[in-house]
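Enquirer: Quick one: this structure, given as structure tokens, is what I'll be asking you about.
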Amino acid sequence: MGVAQPAEAGDRASQRPVVGMVGAGQLARMTAQAAISLGIDFRVLADTPDDSAAQICAGTRTGNYRSADDVLAFGAGCDVVTFDHEHVPGDHLSALEDLTAVRPGGPALRFAQDKGAMRDRLSALHSLQELGVRCPHYRRVGSMAEIAEFAGAGGGGSGWPVVLKATSGGYDGKGVWICDNEDAAADVLAHGLGLIAEEYVPFDRELAVLVARSPKGQGAVYPVVQTIQEDGICREVIAPAPGLDPKVATAAQRAGLAIAAELGVTGLLAVELFELGGELIINELAMRPHNCGHWTLDAAMTSQFEQHLRAVLDLPLGAPRMTARTAVMVNVLGGADPDLHSRLVHVMAADPGVKVHLYGKTVRPGRKVGHVTVAGQDVTRLRDRGRRAANYLSHGTEEPAEGGQPATGGRPDGRRG
Ligand SMILES: Nc1ncnc2c1ncn2[C@@H]1O[C@H](COP(=O)(O)OP(=O)(O)OP(=O)(O)O)[C@@H](O)[C@H]1O
Ligand SMILES: [Mg+2]
């Protein structure tokens, strides 16, 4: 493991806590920014020195999160270990917990790692049943016969389409297949992955609720947001979710807090939800800073990144209140031309109110390379400004390819040219 050498936990003259984050993507990069403000010694375990957070974090170590040796060597230098992804193997987590504080701990993190385990656990939670929040119908499947049975060949099933999901390892919609028929399901089955089959939910929209919980049991919850996915990847987040029935919003927030408490989550928990006819159906869980909370950097009293650090260090949590009436976050996806910075000047000149966050990642088509946030009053206007800025950063004046950014096109100030 490549090692920079700040002092180890426990033998420092200063009492600054050392927080280590396994993974060095954009979530770790933005957590590092919060750690700077709080005077926390923050380290990341990066795959390579070019990773988004590794570029800017003095406490970077390089190593492989799949290697027990690398994970344990990293953890030995930290007072608390946390994560910017959920892919550290369970055995390494247990070993790490013998060494230092791990937040969230392995038993909680399992429910963010394994969609089958998550469904089993949440389906059995009385607190969710009392709130009227449910999971989609699901079952583990390993054969065409089981998938066909789930879809209803025997009657009473969920019908087609059926959603097949890899139980672990998915992200940004990779690992989710909406199958219209048996042929499509057979193609997925041929990958040989552990799968669950899930009822297709014809949702009205997608929502998310982000909560923080500290080891002492303090909880904090952000306003419920609307998330907009395209091709399985988050494109846009609106805070708060426009026009959401206050009773539904409260149920979502209470569900988030209940899940965090009952699963023993420490740190952040994002609960992705479907809204269907006023009903809330749980999609999935993440136990780390999440794309649904990026807007908090620019429009909440406490950013999700600061909140995560407070929670994993068992500090009092910060106020999750919004500082604007509405905020819209739009992801910047890579386009054909990698030179984001040549376009930044136009976005800044066209709309000085847009907050731009770029992650330092190599630009590849469709990859999340940054986001923009706009805050103010009018949702329609904010969405237009946010999309215009993100679209211009991705594509300039080029028309996006099929499946690319929504066609707000043109210059960020709305003029062509
Ligand atoms: N049961 C379902 N019915 C309808 N659409 C679904 C269903 N499950 C997932 N989807 C769609 O696919 C998207 C991705 O699914 P999911 O969040 O489970 O995948 P993921 O790859 O783990 O995502 P993430 O990037 O959030 O980790 C969802 O946001 C939703 O748009
Ligand atoms: Mg998801």
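How things are named: the first chain in the structure tokens is A, the next is B, and so on; residues count from 1 in each chain; ligands count from 1 in the order shown.
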Go through chain A residue by residue and, counting only C-alpha atoms and all ligand atoms, keep those with an atom at most 8 Å from ligand 1; for each kept residue give the shortest atom pair and its distance in Å to one decimal, ordered by chain and increasing number, as a Markdown table.
Expert:
```
| residue | atom | partner | partner_atom_place_in_ligand_line | distance |
| --- | --- | --- | --- | --- |
| A:Pro136 | CA | ligand 1 | 1 (N) | 6.3 |
| A:Val162 | CA | ligand 1 | 1 (N) | 7.8 |
| A:Val163 | CA | ligand 1 | 1 (N) | 5.6 |
| A:Lys165 | CA | ligand 1 | 18 (O) | 7.1 |
| A:Gly169 | CA | ligand 1 | 22 (O) | 7.9 |
| A:Gly170 | CA | ligand 1 | 21 (O) | 4.6 |
| A:Tyr171 | CA | ligand 1 | 21 (O) | 3.4 |
| A:Asp172 | CA | ligand 1 | 25 (O) | 3.1 |
| A:Gly173 | CA | ligand 1 | 21 (O) | 3.2 |
| A:Lys174 | CA | ligand 1 | 21 (O) | 4.9 |
| A:Gly175 | CA | ligand 1 | 21 (O) | 5.7 |
| A:Val176 | CA | ligand 1 | 19 (O) | 5.7 |
| A:Trp177 | CA | ligand 1 | 12 (O) | 7.9 |
| A:Ile178 | CA | ligand 1 | 5 (N) | 7.3 |
| A:Glu198 | CA | ligand 1 | 1 (N) | 5.4 |
| A:Glu199 | CA | ligand 1 | 1 (N) | 5.2 |
| A:Tyr200 | CA | ligand 1 | 3 (N) | 3.7 |
| A:Val201 | CA | ligand 1 | 3 (N) | 3.8 |
| A:Pro202 | CA | ligand 1 | 4 (C) | 5.9 |
| A:Phe203 | CA | ligand 1 | 4 (C) | 6.8 |
| A:Glu206 | CA | ligand 1 | 29 (O) | 7.1 |
| A:Ile228 | CA | ligand 1 | 31 (O) | 7.8 |
| A:Gln229 | CA | ligand 1 | 31 (O) | 5.5 |
| A:Glu230 | CA | ligand 1 | 31 (O) | 7.2 |
| A:Asp231 | CA | ligand 1 | 13 (C) | 7.5 |
| A:Gly232 | CA | ligand 1 | 13 (C) | 4.3 |
| A:Ile233 | CA | ligand 1 | 25 (O) | 6.0 |
| A:Cys234 | CA | ligand 1 | 25 (O) | 7.0 |
| A:Glu272 | CA | ligand 1 | 17 (O) | 7.0 |
| A:Asn283 | CA | ligand 1 | 18 (O) | 5.9 |
| A:Glu284 | CA | ligand 1 | 18 (O) | 5.8 |
| A:Ala286 | CA | ligand 1 | 27 (O) | 7.4 |
```
Enquirer: Can you list, as a PDB file with all heavy atoms, in the first residue's frame, every protein, DNA or RNA residue that comes within 9 Å of Asn291 in chain A when you count only C-alpha atoms, leaving out same-chain residues fewer than 2 positions away?
Expert:
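And here's result21.pdb as it stands now:
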```pdb
ATOM      1  N   LEU A  27     -17.627  11.684  -3.585  1.00  0.00           N
ATOM      2  CA  LEU A  27     -18.232  11.801  -2.256  1.00  0.00           C
ATOM      3  C   LEU A  27     -17.136  12.038  -1.215  1.00  0.00           C
ATOM      4  O   LEU A  27     -17.287  12.865  -0.316  1.00  0.00           O
ATOM      5  CB  LEU A  27     -19.046  10.550  -1.921  1.00  0.00           C
ATOM      6  CG  LEU A  27     -20.172  10.218  -2.911  1.00  0.00           C
ATOM      7  CD1 LEU A  27     -20.857   8.915  -2.529  1.00  0.00           C
ATOM      8  CD2 LEU A  27     -21.187  11.360  -2.993  1.00  0.00           C
ATOM      9  N   CYS A 234     -28.932   9.147 -11.835  1.00  0.00           N
ATOM     10  CA  CYS A 234     -29.589  10.351 -11.305  1.00  0.00           C
ATOM     11  C   CYS A 234     -29.186  11.568 -12.143  1.00  0.00           C
ATOM     12  O   CYS A 234     -28.004  11.808 -12.369  1.00  0.00           O
ATOM     13  CB  CYS A 234     -29.175  10.560  -9.848  1.00  0.00           C
ATOM     14  SG  CYS A 234     -29.837  12.074  -9.147  1.00  0.00           S
ATOM     15  N   VAL A 237     -32.130  16.660  -8.952  1.00  0.00           N
ATOM     16  CA  VAL A 237     -32.756  16.548  -7.626  1.00  0.00           C
ATOM     17  C   VAL A 237     -33.414  17.884  -7.304  1.00  0.00           C
ATOM     18  O   VAL A 237     -32.804  18.941  -7.489  1.00  0.00           O
ATOM     19  CB  VAL A 237     -31.704  16.191  -6.546  1.00  0.00           C
ATOM     20  CG1 VAL A 237     -32.327  16.214  -5.150  1.00  0.00           C
ATOM     21  CG2 VAL A 237     -31.091  14.814  -6.822  1.00  0.00           C
ATOM     22  N   PRO A 289     -22.744   9.629   2.185  1.00  0.00           N
ATOM     23  CA  PRO A 289     -23.276  10.776   1.450  1.00  0.00           C
ATOM     24  C   PRO A 289     -23.823  10.287   0.108  1.00  0.00           C
ATOM     25  O   PRO A 289     -23.332   9.294  -0.439  1.00  0.00           O
ATOM     26  CB  PRO A 289     -22.045  11.666   1.252  1.00  0.00           C
ATOM     27  CG  PRO A 289     -21.102  11.259   2.341  1.00  0.00           C
ATOM     28  CD  PRO A 289     -21.328   9.791   2.557  1.00  0.00           C
ATOM     29  N   GLY A 293     -28.328  14.341  -1.895  1.00  0.00           N
ATOM     30  CA  GLY A 293     -28.059  15.381  -0.901  1.00  0.00           C
ATOM     31  C   GLY A 293     -27.004  16.388  -1.324  1.00  0.00           C
ATOM     32  O   GLY A 293     -26.574  17.223  -0.514  1.00  0.00           O
ATOM     33  N   HIS A 294     -26.593  16.379  -2.587  1.00  0.00           N
ATOM     34  CA  HIS A 294     -25.561  17.335  -3.017  1.00  0.00           C
ATOM     35  C   HIS A 294     -26.031  18.785  -2.887  1.00  0.00           C
ATOM     36  O   HIS A 294     -25.241  19.700  -2.653  1.00  0.00           O
ATOM     37  CB  HIS A 294     -25.119  17.068  -4.461  1.00  0.00           C
ATOM     38  CG  HIS A 294     -24.281  15.826  -4.632  1.00  0.00           C
ATOM     39  ND1 HIS A 294     -23.932  15.006  -3.583  1.00  0.00           N
ATOM     40  CD2 HIS A 294     -23.723  15.279  -5.740  1.00  0.00           C
ATOM     41  CE1 HIS A 294     -23.197  14.004  -4.040  1.00  0.00           C
ATOM     42  NE2 HIS A 294     -23.053  14.140  -5.343  1.00  0.00           N
ATOM     43  N   TRP A 295     -27.329  19.008  -3.066  1.00  0.00           N
ATOM     44  CA  TRP A 295     -27.868  20.364  -2.960  1.00  0.00           C
ATOM     45  C   TRP A 295     -27.590  20.989  -1.597  1.00  0.00           C
ATOM     46  O   TRP A 295     -27.545  22.211  -1.460  1.00  0.00           O
ATOM     47  CB  TRP A 295     -29.382  20.353  -3.222  1.00  0.00           C
ATOM     48  CG  TRP A 295     -30.151  19.583  -2.184  1.00  0.00           C
ATOM     49  CD1 TRP A 295     -30.437  18.252  -2.202  1.00  0.00           C
ATOM     50  CD2 TRP A 295     -30.687  20.092  -0.949  1.00  0.00           C
ATOM     51  NE1 TRP A 295     -31.125  17.894  -1.053  1.00  0.00           N
ATOM     52  CE2 TRP A 295     -31.295  19.007  -0.275  1.00  0.00           C
ATOM     53  CE3 TRP A 295     -30.727  21.363  -0.358  1.00  0.00           C
ATOM     54  CZ2 TRP A 295     -31.917  19.151   0.960  1.00  0.00           C
ATOM     55  CZ3 TRP A 295     -31.351  21.497   0.875  1.00  0.00           C
ATOM     56  CH2 TRP A 295     -31.945  20.397   1.514  1.00  0.00           C
ATOM     57  N   ASN A 331     -26.875  16.986 -12.250  1.00  0.00           N
ATOM     58  CA  ASN A 331     -25.566  16.359 -12.449  1.00  0.00           C
ATOM     59  C   ASN A 331     -24.979  16.766 -13.791  1.00  0.00           C
ATOM     60  O   ASN A 331     -25.700  16.908 -14.783  1.00  0.00           O
ATOM     61  CB  ASN A 331     -25.691  14.839 -12.403  1.00  0.00           C
ATOM     62  CG  ASN A 331     -25.715  14.314 -10.978  1.00  0.00           C
ATOM     63  OD1 ASN A 331     -25.147  14.929 -10.071  1.00  0.00           O
ATOM     64  ND2 ASN A 331     -26.379  13.196 -10.771  1.00  0.00           N
TER      65      ASN A 331
END
```
Enquirer: With distances taken over only C-alpha atoms and all ligand atoms, which of A:Ala151, A:Asp298, A:Asp69, A:Leu207 is nearest to ligand 2?
Expert: A:Leu207
Enquirer: Write down as a PyMOL selection string the residues of range 125-250 of chain A whose backbone DSSP state falls under strand (DSSP E or B).
Expert: chain A and resi 133-134+138-141+162-166+171+174+176-179+195-199+205-213+219-221+225-230+233-239
Enquirer: Please provide the set of residues having any atom within 10 Å of Leu45 in chain A, restricted to only C-alpha atoms, with same-chain residues fewer than 2 positions apart removed, written as JSON, numbers by chain.
Expert: {"A": [1, 2, 3, 20, 21, 22, 23, 24, 28, 43, 47, 48, 49, 51, 53, 54, 59, 60, 61, 62, 63, 64, 65, 70, 71, 74, 75, 83, 84]}
